[in-house]
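Content type compact mmCIF, C-alpha atoms and all ligand atoms, from the file upload.txt:
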```
# COMPACT_ATOMS: atom_id res chain seq x y z
CA MET A 234 -21.67 0.68 -4.83
CA LYS A 235 -20.90 -2.37 -2.74
CA LEU A 236 -21.71 -5.58 -4.59
CA LEU A 237 -20.63 -7.94 -1.83
CA GLU A 238 -20.29 -7.19 1.83
CA ILE A 239 -19.09 -9.65 4.48
CA ASN A 240 -19.50 -8.63 8.09
CA ASN A 241 -17.77 -10.45 10.95
CA LEU A 242 -18.17 -13.85 9.33
CA HIS A 243 -17.39 -16.97 11.35
CA THR A 244 -17.46 -20.31 9.52
CA TYR A 245 -16.32 -23.33 11.50
CA PHE A 246 -15.81 -27.06 11.02
CA ASP A 247 -17.09 -29.16 13.89
CA THR A 248 -14.49 -31.96 14.16
CA LYS A 249 -13.80 -34.70 16.71
CA LYS A 250 -10.82 -32.74 17.92
CA GLY A 251 -12.72 -29.49 18.30
CA LEU A 252 -14.04 -26.50 16.35
CA ILE A 253 -11.81 -25.44 13.49
CA LYS A 254 -12.36 -21.72 13.02
CA ALA A 255 -11.53 -21.61 9.31
CA VAL A 256 -13.15 -18.18 8.94
CA ASN A 257 -12.81 -16.34 12.21
CA GLY A 258 -14.36 -12.89 11.95
CA VAL A 259 -13.83 -11.89 8.31
CA SER A 260 -15.07 -8.50 7.18
CA LEU A 261 -14.49 -7.33 3.62
CA SER A 262 -16.33 -5.83 0.68
CA ILE A 263 -16.15 -5.87 -3.09
CA GLU A 264 -17.26 -2.88 -5.13
CA GLU A 265 -19.18 -3.34 -8.38
CA GLY A 266 -16.86 -3.99 -11.32
CA ARG A 267 -13.69 -4.07 -9.22
CA THR A 268 -11.22 -6.84 -8.47
CA LEU A 269 -10.51 -7.65 -4.85
CA GLY A 270 -7.29 -9.62 -4.45
CA VAL A 271 -7.33 -11.90 -1.40
CA VAL A 272 -3.86 -12.91 -0.30
CA GLY A 273 -2.34 -14.85 2.60
CA GLU A 274 -0.33 -17.95 3.37
CA SER A 275 -1.74 -21.45 3.10
CA GLY A 276 -4.46 -22.12 5.68
CA SER A 277 -5.34 -18.45 6.20
CA GLY A 278 -8.98 -19.05 5.23
CA LYS A 279 -9.06 -17.65 1.70
CA SER A 280 -10.87 -20.60 0.11
CA GLN A 281 -13.22 -21.08 3.05
CA THR A 282 -14.27 -17.43 2.80
CA ALA A 283 -15.11 -18.07 -0.87
CA MET A 284 -16.94 -21.30 -0.02
CA SER A 285 -18.95 -19.41 2.60
CA ILE A 286 -20.12 -16.87 -0.01
CA LEU A 287 -21.45 -19.72 -2.17
CA LYS A 288 -22.45 -21.84 0.83
CA LEU A 289 -20.59 -24.80 -0.59
CA PHE A 290 -20.19 -26.49 2.77
CA GLU A 291 -19.15 -29.88 4.09
CA ASN A 292 -21.63 -31.64 6.39
CA ASN A 293 -19.77 -30.59 9.54
CA GLN A 294 -19.40 -26.96 8.47
CA LYS A 295 -21.65 -23.92 8.94
CA ILE A 296 -21.78 -20.21 9.57
CA TYR A 297 -21.78 -19.54 13.33
CA GLU A 298 -21.91 -15.77 13.25
CA GLY A 299 -21.93 -12.80 10.88
CA GLU A 300 -23.57 -12.16 7.53
CA ILE A 301 -22.93 -11.95 3.81
CA LYS A 302 -24.79 -9.42 1.70
CA PHE A 303 -25.00 -9.48 -2.07
CA GLU A 304 -26.48 -6.41 -3.79
CA GLY A 305 -27.69 -5.28 -0.38
CA LYS A 306 -29.56 -8.53 0.32
CA VAL A 307 -28.48 -10.97 3.04
CA ILE A 308 -27.60 -14.23 1.26
CA SER A 309 -25.94 -16.08 4.12
CA GLU A 310 -29.33 -17.25 5.41
CA LEU A 311 -30.74 -18.47 2.11
CA SER A 312 -31.86 -22.08 1.69
CA GLU A 313 -29.94 -24.52 -0.53
CA LYS A 314 -32.65 -24.14 -3.20
CA GLU A 315 -32.31 -20.37 -3.21
CA MET A 316 -28.50 -20.62 -3.29
CA GLN A 317 -28.72 -22.80 -6.40
CA LYS A 318 -30.31 -19.89 -8.25
CA ILE A 319 -27.38 -17.66 -7.30
CA ARG A 320 -24.51 -20.09 -7.97
CA GLY A 321 -23.32 -20.06 -11.56
CA ASN A 322 -25.75 -17.27 -12.33
CA ASP A 323 -25.12 -14.15 -10.18
CA ILE A 324 -21.93 -15.51 -8.63
CA SER A 325 -19.70 -18.08 -10.28
CA VAL A 326 -16.41 -19.66 -9.37
CA ILE A 327 -13.27 -21.04 -10.97
CA PHE A 328 -10.84 -23.23 -9.09
CA GLN A 329 -7.18 -24.01 -9.34
CA GLU A 330 -7.55 -27.41 -10.95
CA PRO A 331 -10.22 -27.45 -13.66
CA MET A 332 -10.18 -31.27 -13.79
CA THR A 333 -11.88 -31.33 -10.39
CA SER A 334 -14.62 -28.96 -11.57
CA LEU A 335 -15.10 -30.19 -15.12
CA ASN A 336 -16.94 -33.46 -15.49
CA PRO A 337 -14.61 -35.90 -17.30
CA VAL A 338 -17.40 -37.88 -18.95
CA PHE A 339 -19.19 -34.97 -20.64
CA THR A 340 -18.09 -32.86 -23.59
CA VAL A 341 -17.32 -29.17 -23.15
CA ASN A 342 -20.52 -28.35 -25.02
CA ARG A 343 -22.66 -30.40 -22.66
CA GLN A 344 -21.13 -28.73 -19.60
CA ILE A 345 -21.42 -25.13 -20.78
CA SER A 346 -24.86 -25.76 -22.32
CA GLU A 347 -26.18 -27.23 -19.09
CA VAL A 348 -25.49 -23.98 -17.21
CA LEU A 349 -27.13 -21.94 -19.96
CA MET A 350 -30.22 -24.15 -20.17
CA LEU A 351 -30.62 -24.21 -16.39
CA HIS A 352 -30.18 -20.52 -15.64
CA GLN A 353 -31.03 -18.76 -18.90
CA GLY A 354 -33.71 -21.06 -20.26
CA LEU A 355 -31.97 -21.53 -23.63
CA ASN A 356 -32.86 -24.57 -25.72
CA LYS A 357 -30.23 -27.11 -26.76
CA LYS A 358 -29.42 -25.50 -30.10
CA GLU A 359 -29.22 -21.96 -28.70
CA ALA A 360 -27.05 -23.20 -25.86
CA GLU A 361 -24.63 -24.90 -28.25
CA ALA A 362 -24.25 -21.73 -30.33
CA ARG A 363 -23.69 -19.68 -27.20
CA SER A 364 -21.18 -22.24 -25.89
CA ILE A 365 -19.09 -21.82 -29.07
CA GLU A 366 -19.41 -18.05 -28.75
CA MET A 367 -18.12 -18.25 -25.16
CA LEU A 368 -15.12 -20.33 -26.26
CA LYS A 369 -14.32 -17.65 -28.86
CA GLN A 370 -14.56 -15.01 -26.14
CA VAL A 371 -11.91 -16.79 -24.08
CA LYS A 372 -9.69 -16.82 -27.20
CA ILE A 373 -9.82 -20.52 -28.00
CA ALA A 374 -8.60 -20.76 -31.60
CA ASN A 375 -10.76 -23.69 -32.79
CA PRO A 376 -13.94 -23.31 -30.73
CA GLU A 377 -16.11 -25.73 -32.74
CA THR A 378 -13.63 -28.59 -32.22
CA VAL A 379 -12.97 -27.79 -28.57
CA ASN A 380 -16.72 -27.59 -27.95
CA LYS A 381 -17.03 -31.23 -28.98
CA SER A 382 -14.01 -32.37 -26.92
CA TYR A 383 -13.80 -34.06 -23.54
CA PRO A 384 -11.74 -32.33 -20.81
CA PHE A 385 -8.92 -34.93 -20.91
CA GLN A 386 -8.31 -34.09 -24.57
CA LEU A 387 -7.35 -30.52 -23.66
CA SER A 388 -4.19 -29.01 -22.18
CA GLY A 389 -4.21 -27.45 -18.69
CA GLY A 390 -4.34 -23.91 -20.11
CA MET A 391 -7.22 -24.83 -22.45
CA ARG A 392 -9.16 -26.44 -19.61
CA GLN A 393 -8.76 -23.30 -17.53
CA ARG A 394 -10.09 -21.23 -20.47
CA VAL A 395 -13.07 -23.60 -20.70
CA MET A 396 -13.69 -23.13 -16.97
CA ILE A 397 -13.61 -19.35 -17.41
CA ALA A 398 -16.02 -19.62 -20.37
CA MET A 399 -18.36 -21.73 -18.25
CA ALA A 400 -18.11 -19.36 -15.30
CA LEU A 401 -18.86 -16.33 -17.47
CA ALA A 402 -21.61 -17.99 -19.54
CA CYS A 403 -24.44 -16.45 -17.50
CA LYS A 404 -22.73 -13.06 -17.18
CA PRO A 405 -22.27 -13.22 -13.41
CA LYS A 406 -21.97 -10.02 -11.41
CA LEU A 407 -19.25 -11.62 -9.32
CA LEU A 408 -16.61 -14.13 -10.37
CA ILE A 409 -14.67 -15.87 -7.63
CA ALA A 410 -11.31 -17.13 -8.89
CA ASP A 411 -9.52 -19.34 -6.36
CA GLU A 412 -5.85 -19.65 -7.39
CA PRO A 413 -6.96 -20.08 -11.02
CA THR A 414 -3.46 -20.09 -12.48
CA THR A 415 -1.34 -21.71 -9.76
CA ALA A 416 -1.21 -25.09 -11.51
CA LEU A 417 -0.19 -23.60 -14.86
CA ASP A 418 3.27 -22.81 -16.14
CA VAL A 419 4.38 -19.18 -16.13
CA THR A 420 3.68 -18.35 -19.79
CA ILE A 421 0.18 -19.85 -19.74
CA GLN A 422 -0.44 -18.18 -16.37
CA ALA A 423 0.40 -14.79 -17.88
CA GLN A 424 -1.98 -15.43 -20.81
CA ILE A 425 -4.86 -16.43 -18.52
CA LEU A 426 -4.36 -13.41 -16.26
CA LYS A 427 -4.33 -11.11 -19.29
CA LEU A 428 -7.49 -12.77 -20.58
CA MET A 429 -9.26 -12.33 -17.23
CA ASN A 430 -8.37 -8.64 -17.18
CA GLU A 431 -9.67 -8.19 -20.73
CA LEU A 432 -12.91 -10.01 -19.95
CA LYS A 433 -13.39 -7.92 -16.83
CA ALA A 434 -12.96 -4.73 -18.86
CA GLU A 435 -15.51 -6.00 -21.43
CA THR A 436 -18.14 -7.39 -19.08
CA GLY A 437 -17.75 -5.29 -15.92
CA THR A 438 -17.85 -8.44 -13.79
CA ALA A 439 -16.40 -7.90 -10.31
CA ILE A 440 -13.75 -10.45 -9.34
CA MET A 441 -12.63 -11.92 -6.04
CA PHE A 442 -9.15 -13.12 -6.93
CA ILE A 443 -7.59 -15.49 -4.42
CA THR A 444 -3.85 -16.09 -4.52
CA HIS A 445 -0.82 -16.52 -2.28
CA ASP A 446 1.22 -14.49 -4.77
CA LEU A 447 1.50 -10.74 -4.19
CA GLY A 448 2.99 -10.33 -7.68
CA VAL A 449 -0.28 -11.61 -9.16
CA ILE A 450 -2.24 -9.29 -6.84
CA ASN A 451 -0.26 -6.33 -8.15
CA GLN A 452 -1.17 -7.29 -11.70
CA MET A 453 -4.85 -8.11 -11.15
CA ALA A 454 -6.34 -6.31 -8.16
CA ASP A 455 -7.87 -2.90 -7.58
CA ASP A 456 -8.21 -3.56 -3.87
CA VAL A 457 -6.52 -6.05 -1.55
CA ALA A 458 -7.52 -8.02 1.54
CA VAL A 459 -4.63 -9.66 3.38
CA MET A 460 -5.72 -12.70 5.42
CA TYR A 461 -4.11 -14.45 8.37
CA CYS A 462 -5.60 -17.20 10.59
CA GLY A 463 -9.14 -16.80 9.30
CA GLN A 464 -9.17 -13.02 9.61
CA VAL A 465 -8.58 -10.03 7.38
CA VAL A 466 -5.58 -8.21 8.87
CA GLU A 467 -5.36 -5.43 6.30
CA THR A 468 -7.52 -4.14 3.47
CA ALA A 469 -6.81 -1.23 1.13
CA PRO A 470 -6.64 -0.14 -2.51
CA VAL A 471 -3.75 -1.98 -4.18
CA ASP A 472 -1.52 1.08 -4.60
CA ASN A 473 -1.75 1.78 -0.87
CA ILE A 474 -0.44 -1.68 -0.08
CA PHE A 475 2.41 -1.58 -2.56
CA MET A 476 3.45 2.08 -2.39
CA ASP A 477 1.48 4.94 -0.99
CA SER A 478 0.27 4.26 2.49
CA GLU A 479 2.15 5.65 5.45
CA TYR A 480 1.39 2.62 7.61
CA ILE A 481 1.25 -1.07 6.86
CA HIS A 482 0.43 -4.26 8.82
CA PRO A 483 3.55 -6.17 10.00
CA TYR A 484 2.29 -9.31 8.24
CA THR A 485 1.82 -7.45 4.93
CA GLU A 486 5.29 -6.00 5.38
CA GLY A 487 6.60 -9.56 5.79
CA LEU A 488 4.79 -10.74 2.65
CA LEU A 489 6.12 -7.79 0.66
CA THR A 490 9.72 -8.33 1.68
CA SER A 491 9.48 -12.01 0.81
CA ILE A 492 8.59 -11.33 -2.86
CA PRO A 493 11.62 -12.38 -4.92
CA ARG A 494 13.01 -9.20 -6.44
CA LEU A 495 14.50 -9.07 -9.91
CA ASN A 496 17.80 -7.87 -8.54
CA THR A 497 18.04 -10.64 -5.93
CA LYS A 498 21.44 -12.25 -6.39
CA ARG A 499 21.65 -15.98 -6.87
CA GLY A 500 21.92 -17.74 -3.53
CA GLU A 501 20.93 -14.58 -1.62
CA LYS A 502 18.49 -15.45 1.16
CA LEU A 503 15.05 -13.91 0.85
CA ASP A 504 13.61 -12.18 3.85
CA VAL A 505 10.88 -14.66 4.78
CA ILE A 506 8.48 -14.41 7.70
CA PRO A 507 9.92 -16.57 10.50
CA GLY A 508 7.89 -19.43 11.97
CA SER A 509 4.74 -20.90 10.49
CA VAL A 510 0.99 -20.41 10.55
CA PRO A 511 -0.37 -21.73 13.90
CA HIS A 512 -2.40 -24.93 13.96
CA PRO A 513 -6.10 -24.05 13.68
CA LEU A 514 -6.85 -25.94 16.91
CA ALA A 515 -4.12 -24.11 18.82
CA LEU A 516 -4.57 -20.47 17.91
CA PRO A 517 -2.61 -18.08 20.08
CA GLN A 518 -4.30 -15.75 22.55
CA GLY A 519 -4.23 -12.06 21.67
CA CYS A 520 -3.03 -11.11 18.19
CA LYS A 521 -2.84 -14.25 16.04
CA PHE A 522 0.33 -12.98 14.39
CA ALA A 523 2.15 -12.20 17.66
CA PRO A 524 4.31 -15.38 17.79
CA ARG A 525 5.84 -14.43 14.42
CA CYS A 526 5.78 -10.65 14.67
CA LYS A 527 9.03 -8.80 15.30
CA TYR A 528 7.09 -5.86 16.75
CA ALA A 529 5.01 -7.89 19.24
CA THR A 530 4.64 -6.55 22.79
CA GLU A 531 2.99 -7.91 25.94
CA LYS A 532 -0.24 -6.14 24.94
CA CYS A 533 -0.24 -7.99 21.59
CA ARG A 534 0.12 -11.35 23.34
CA ASN A 535 -2.80 -10.65 25.67
CA GLU A 536 -5.30 -8.62 23.68
CA GLU A 537 -6.71 -9.10 20.21
CA PRO A 538 -6.61 -6.03 17.94
CA GLU A 539 -9.67 -5.11 15.86
CA LEU A 540 -9.76 -4.14 12.20
CA LYS A 541 -9.58 -0.32 12.33
CA GLU A 542 -9.76 2.48 9.78
CA ILE A 543 -6.30 3.99 9.39
CA GLY A 544 -6.86 6.05 6.25
CA PRO A 545 -9.38 6.38 3.41
CA ASN A 546 -10.58 2.83 2.57
CA HIS A 547 -7.62 1.48 4.50
CA GLN A 548 -8.12 -0.78 7.52
CA ILE A 549 -5.51 -2.53 9.66
CA ARG A 550 -5.87 -5.09 12.46
CA CYS A 551 -2.84 -4.19 14.59
CA PHE A 552 -2.00 -2.17 17.71
CA PHE A 553 1.27 -0.92 16.24
CA PRO A 554 1.14 -0.63 12.43
CA VAL A 555 4.55 -0.28 10.81
CA LYS A 556 5.56 3.10 9.45
CA ARG A 557 7.07 2.72 6.00
CA GLY A 558 10.74 3.46 5.77
CA GLY A 559 11.62 1.44 8.84
CA ASN A 560 10.62 3.57 11.83
CA LYS A 561 7.69 2.30 13.75
N1 LIG A 601 -12.65 -30.05 5.26
C1 LIG A 601 -12.04 -29.44 6.27
N2 LIG A 601 -12.14 -29.90 7.54
C2 LIG A 601 -11.53 -29.26 8.57
N3 LIG A 601 -10.79 -28.15 8.43
C3 LIG A 601 -10.64 -27.65 7.20
C4 LIG A 601 -11.24 -28.26 6.04
N4 LIG A 601 -10.92 -27.52 4.95
C5 LIG A 601 -10.15 -26.51 5.39
N5 LIG A 601 -9.98 -26.57 6.73
C6 LIG A 601 -9.20 -25.65 7.57
O1 LIG A 601 -9.70 -24.35 7.41
C7 LIG A 601 -8.63 -23.41 7.45
C8 LIG A 601 -8.69 -22.50 6.26
O2 LIG A 601 -8.47 -23.27 5.10
P1 LIG A 601 -8.53 -22.66 3.63
O3 LIG A 601 -8.61 -23.80 2.70
O4 LIG A 601 -9.59 -21.62 3.53
O5 LIG A 601 -7.09 -21.95 3.49
P2 LIG A 601 -6.48 -21.19 2.24
O6 LIG A 601 -6.12 -19.82 2.69
O7 LIG A 601 -7.39 -21.30 1.07
O8 LIG A 601 -5.13 -22.01 2.01
P3 LIG A 601 -4.42 -22.48 0.63
O9 LIG A 601 -3.57 -21.30 0.22
O10 LIG A 601 -3.60 -23.64 1.04
O11 LIG A 601 -5.47 -22.83 -0.36
C9 LIG A 601 -7.35 -24.21 7.54
O12 LIG A 601 -6.92 -24.21 8.88
C10 LIG A 601 -7.75 -25.59 7.14
O13 LIG A 601 -6.99 -26.56 7.81
S1 LIG A 602 -0.84 -6.36 17.11
FE1 LIG A 602 1.26 -6.60 17.79
S2 LIG A 602 1.78 -8.74 17.30
FE2 LIG A 602 -0.05 -8.22 16.18
S3 LIG A 602 0.70 -7.58 14.20
FE3 LIG A 602 0.48 -5.73 15.42
S4 LIG A 602 2.48 -5.40 16.36
FE4 LIG A 602 2.44 -7.50 15.58
MG MG A 603 -7.25 -22.26 -0.77
```

Would you mind writing the structure in this file as structure tokens?
Ligand SMILES: Nc1ncnc2c1ncn2[C@@H]1O[C@H](COP(=O)(O)OP(=O)(O)OP(=O)(O)O)[C@@H](O)[C@H]1O
Ligand code: SF4
Ligand SMILES: [Mg+2]
Amino acid sequence: MKLLEINNLHTYFDTKKGLIKAVNGVSLSIEEGRTLGVVGESGSGKSQTAMSILKLFENNQKIYEGEIKFEGKVISELSEKEMQKIRGNDISVIFQEPMTSLNPVFTVNRQISEVLMLHQGLNKKEAEARSIEMLKQVKIANPETVNKSYPFQLSGGMRQRVMIAMALACKPKLLIADEPTTALDVTIQAQILKLMNELKAETGTAIMFITHDLGVINQMADDVAVMYCGQVVETAPVDNIFMDSEYIHPYTEGLLTSIPRLNTKRGEKLDVIPGSVPHPLALPQGCKFAPRCKYATEKCRNEEPELKEIGPNHQIRCFFPVKRGGNK
């Protein structure tokens, strides 16, 4: 069953220079208990899609069109008060840099307990016991000590574990993880990813996993949404993207060929996508990827393709999807 469904979502920033269409017609869904990996270059709208789900908006930002459904209910029109009941309870989030989300002046216990007292009605003592239990669950070796610590006393990896404990404290149905391991070194990153997979298997929480790293997607995701210029350009089960599907979006093809391979020789140039993401105030007409696409035609430069079903659970936004093996 679909846990989250986003239909044609448009979230814009109203700036002095014009409307910035950060989310420009996103459609995607997340099935119960599954992990959707959201991937795309910087500025493609991954974080703003997540912020739209939680309605964590700046003053000059709002939803202009489209809807977000959670468990079949439209949540994109809820008031701030109603959203507060959902955030941290049904849907929680972890960010790249835990120091920006953890409050530096409160102990770990105070921060996890607060969530539990607010959403689950636990008293102080119950919340403290549960906080220690949560720290054990995220494999922190000395949970009683860490529970009494302040964020600055912990390493980056430990802080990220605390964030995960806090996010999972109320057993959310959906966990949004926005580049949760990007700031960590490779070994710690691997440990955190493993931990998240274990917790998902234990709790059945669905995850929206945002990253710019297709290698991480391969490791974490059941399904993938590839984003470009505020739109989803391809969505499919992960194996389709990496191996099985007959057709693929030219942008996904570019991302795949730019993954460093183990057998890449030192100094050998990686096949990177030429050009850069267009400025959000100067989006091209027609297909947004056309200026960088080696398959672009006149039609692509004039008309905008729609996201279309190309196989079971597989959608592509492109007039001329690439056939694997080289022939278009
Ligand atoms: N506060 C803001 N005011 C105006 N525009 C913004 C603001 N925050 C983000 N944007 C714009 O919205 C678009 C989408 O940004 P978003 O942060 O969602 O990208 P992203 O895919 O998460 O990138 P990254 O990989 O760098 O995190 C970008 O064009 C960005 O410039
Ligand atoms: S529609 Fe055209 S320009 Fe856009 S991705 Fe497809 S082939 Fe490339
Ligand atoms: Mg981001």

### Within 7 Å of ligand LIG 602 (chain A), counting only C-alpha atoms and all ligand atoms, residues as a VMD selection string
chain A and resid 482 to 484 520 to 523 526 to 530 533 to 534 538 550 to 554

Would you write out those residues with C-alpha atoms, as a compact mmCIF listing (two decimals), in the frame of the given file?
```txt
# COMPACT_ATOMS: atom_id res chain seq x y z
CA HIS A 482 0.43 -4.26 8.82
CA PRO A 483 3.55 -6.17 10.00
CA TYR A 484 2.29 -9.31 8.24
CA CYS A 520 -3.03 -11.11 18.19
CA LYS A 521 -2.84 -14.25 16.04
CA PHE A 522 0.33 -12.98 14.39
CA ALA A 523 2.15 -12.20 17.66
CA CYS A 526 5.78 -10.65 14.67
CA LYS A 527 9.03 -8.80 15.30
CA TYR A 528 7.09 -5.86 16.75
CA ALA A 529 5.01 -7.89 19.24
CA THR A 530 4.64 -6.55 22.79
CA CYS A 533 -0.24 -7.99 21.59
CA ARG A 534 0.12 -11.35 23.34
CA PRO A 538 -6.61 -6.03 17.94
CA ARG A 550 -5.87 -5.09 12.46
CA CYS A 551 -2.84 -4.19 14.59
CA PHE A 552 -2.00 -2.17 17.71
CA PHE A 553 1.27 -0.92 16.24
CA PRO A 554 1.14 -0.63 12.43
```

8 Å contact set for Glu238 (chain A), all atoms listed in the file, chain neighbours under 3 positions out, as a PDB file with C-alpha atoms, keeping the file's coordinate frame:
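Okay, result_32.pdb is ready:
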```pdb
ATOM      1  CA  LYS A 235     -20.900  -2.370  -2.740  1.00  0.00           C
ATOM      2  CA  SER A 260     -15.070  -8.500   7.180  1.00  0.00           C
ATOM      3  CA  LEU A 261     -14.490  -7.330   3.620  1.00  0.00           C
ATOM      4  CA  SER A 262     -16.330  -5.830   0.680  1.00  0.00           C
ATOM      5  CA  ILE A 263     -16.150  -5.870  -3.090  1.00  0.00           C
ATOM      6  CA  ILE A 301     -22.930 -11.950   3.810  1.00  0.00           C
ATOM      7  CA  LYS A 302     -24.790  -9.420   1.700  1.00  0.00           C
ATOM      8  CA  PHE A 303     -25.000  -9.480  -2.070  1.00  0.00           C
ATOM      9  CA  GLY A 305     -27.690  -5.280  -0.380  1.00  0.00           C
TER      10      GLY A 305
END
```

Between chain A and ligand MG 603 (chain A), at 7 Å or less, what are the per-residue closest atom pairs and their distances in Å? Count all atoms listed in the file, order by chain and rising residue number, and return it as a Markdown table.
```
| residue | atom | partner | partner_atom | distance |
| --- | --- | --- | --- | --- |
| A:Ser275 | CA | A:MG603 | MG | 6.8 |
| A:Lys279 | CA | A:MG603 | MG | 5.5 |
| A:Ser280 | CA | A:MG603 | MG | 4.1 |
| A:Asp411 | CA | A:MG603 | MG | 6.7 |
```

Just the selected residues (C-alpha atoms), exported as a CSV table (one decimal), in the coordinates of the input, please.
```
chain,number,residue,atom,x,y,z
A,275,SER,CA,-1.7,-21.4,3.1
A,279,LYS,CA,-9.1,-17.6,1.7
A,280,SER,CA,-10.9,-20.6,0.1
A,411,ASP,CA,-9.5,-19.3,-6.4
```

### Task
Write as a VMD selection string the residues around ligand LIG 601 (chain A), taking 7 Å as the cut-off and counting only C-alpha atoms and all ligand atoms.
chain A and resid 246 248 253 to 256 273 to 282 291 445 463 512 to 513

### Query
So, counting only C-alpha atoms, which residue among A:Asn375, A:Gln317, A:Asn546, A:Gln422 is closest to Glu467 (chain A)?
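Nearest candidate to Glu467 (chain A) out of A:Asn375, A:Gln317, A:Asn546, A:Gln422: A:Asn546.
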
### Task
May I have the protein, DNA and RNA residues with an atom at most 8 Å from (-26.8, -14.4, -20.6), counting all atoms listed in the file in the file's coordinates, returned as a PyMOL selection string?
chain A and resi 349+353+402-404

Quick one: region 368-382 of chain A with N, CA, C and O atoms, as an mmCIF file, in the coordinates of the input?
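After the write, part_37.cif holds the following:
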```cif
data_model
loop_
_atom_site.group_PDB
_atom_site.id
_atom_site.type_symbol
_atom_site.label_atom_id
_atom_site.label_comp_id
_atom_site.auth_asym_id
_atom_site.auth_seq_id
_atom_site.Cartn_x
_atom_site.Cartn_y
_atom_site.Cartn_z
ATOM 1 N N LEU A 368 -16.484 -19.830 -26.043
ATOM 2 C CA LEU A 368 -15.120 -20.330 -26.260
ATOM 3 C C LEU A 368 -14.317 -19.345 -27.107
ATOM 4 O O LEU A 368 -13.116 -19.162 -26.902
ATOM 5 N N LYS A 369 -15.004 -18.687 -28.054
ATOM 6 C CA LYS A 369 -14.320 -17.650 -28.860
ATOM 7 C C LYS A 369 -13.913 -16.503 -27.955
ATOM 8 O O LYS A 369 -12.832 -15.945 -28.067
ATOM 9 N N GLN A 370 -14.818 -16.149 -27.041
ATOM 10 C CA GLN A 370 -14.560 -15.010 -26.140
ATOM 11 C C GLN A 370 -13.328 -15.251 -25.267
ATOM 12 O O GLN A 370 -12.605 -14.316 -24.945
ATOM 13 N N VAL A 371 -13.092 -16.502 -24.894
ATOM 14 C CA VAL A 371 -11.910 -16.790 -24.080
ATOM 15 C C VAL A 371 -10.702 -17.157 -24.965
ATOM 16 O O VAL A 371 -9.750 -17.792 -24.522
ATOM 17 N N LYS A 372 -10.807 -16.741 -26.242
ATOM 18 C CA LYS A 372 -9.690 -16.820 -27.200
ATOM 19 C C LYS A 372 -9.219 -18.246 -27.460
ATOM 20 O O LYS A 372 -8.018 -18.508 -27.561
ATOM 21 N N ILE A 373 -10.169 -19.165 -27.569
ATOM 22 C CA ILE A 373 -9.820 -20.520 -28.000
ATOM 23 C C ILE A 373 -9.874 -20.528 -29.524
ATOM 24 O O ILE A 373 -10.880 -20.118 -30.122
ATOM 25 N N ALA A 374 -8.767 -20.943 -30.152
ATOM 26 C CA ALA A 374 -8.600 -20.760 -31.600
ATOM 27 C C ALA A 374 -9.594 -21.588 -32.428
ATOM 28 O O ALA A 374 -10.104 -21.123 -33.431
ATOM 29 N N ASN A 375 -9.863 -22.825 -32.001
ATOM 30 C CA ASN A 375 -10.760 -23.690 -32.790
ATOM 31 C C ASN A 375 -11.978 -24.082 -31.950
ATOM 32 O O ASN A 375 -12.122 -25.245 -31.550
ATOM 33 N N PRO A 376 -12.852 -23.096 -31.697
ATOM 34 C CA PRO A 376 -13.940 -23.310 -30.730
ATOM 35 C C PRO A 376 -14.884 -24.454 -31.078
ATOM 36 O O PRO A 376 -15.343 -25.160 -30.177
ATOM 37 N N GLU A 377 -15.168 -24.659 -32.377
ATOM 38 C CA GLU A 377 -16.110 -25.730 -32.740
ATOM 39 C C GLU A 377 -15.551 -27.093 -32.332
ATOM 40 O O GLU A 377 -16.275 -27.932 -31.783
ATOM 41 N N THR A 378 -14.249 -27.311 -32.575
ATOM 42 C CA THR A 378 -13.630 -28.590 -32.220
ATOM 43 C C THR A 378 -13.563 -28.762 -30.712
ATOM 44 O O THR A 378 -13.914 -29.820 -30.172
ATOM 45 N N VAL A 379 -13.101 -27.704 -30.032
ATOM 46 C CA VAL A 379 -12.970 -27.790 -28.570
ATOM 47 C C VAL A 379 -14.345 -28.027 -27.933
ATOM 48 O O VAL A 379 -14.479 -28.778 -26.966
ATOM 49 N N ASN A 380 -15.373 -27.429 -28.497
ATOM 50 C CA ASN A 380 -16.720 -27.590 -27.950
ATOM 51 C C ASN A 380 -17.151 -29.062 -27.929
ATOM 52 O O ASN A 380 -17.876 -29.493 -27.050
ATOM 53 N N LYS A 381 -16.649 -29.810 -28.893
ATOM 54 C CA LYS A 381 -17.030 -31.230 -28.980
ATOM 55 C C LYS A 381 -16.085 -32.129 -28.181
ATOM 56 O O LYS A 381 -16.273 -33.341 -28.116
ATOM 57 N N SER A 382 -15.033 -31.558 -27.592
ATOM 58 C CA SER A 382 -14.010 -32.370 -26.920
ATOM 59 C C SER A 382 -14.400 -32.711 -25.483
ATOM 60 O O SER A 382 -15.253 -32.058 -24.877
#
```
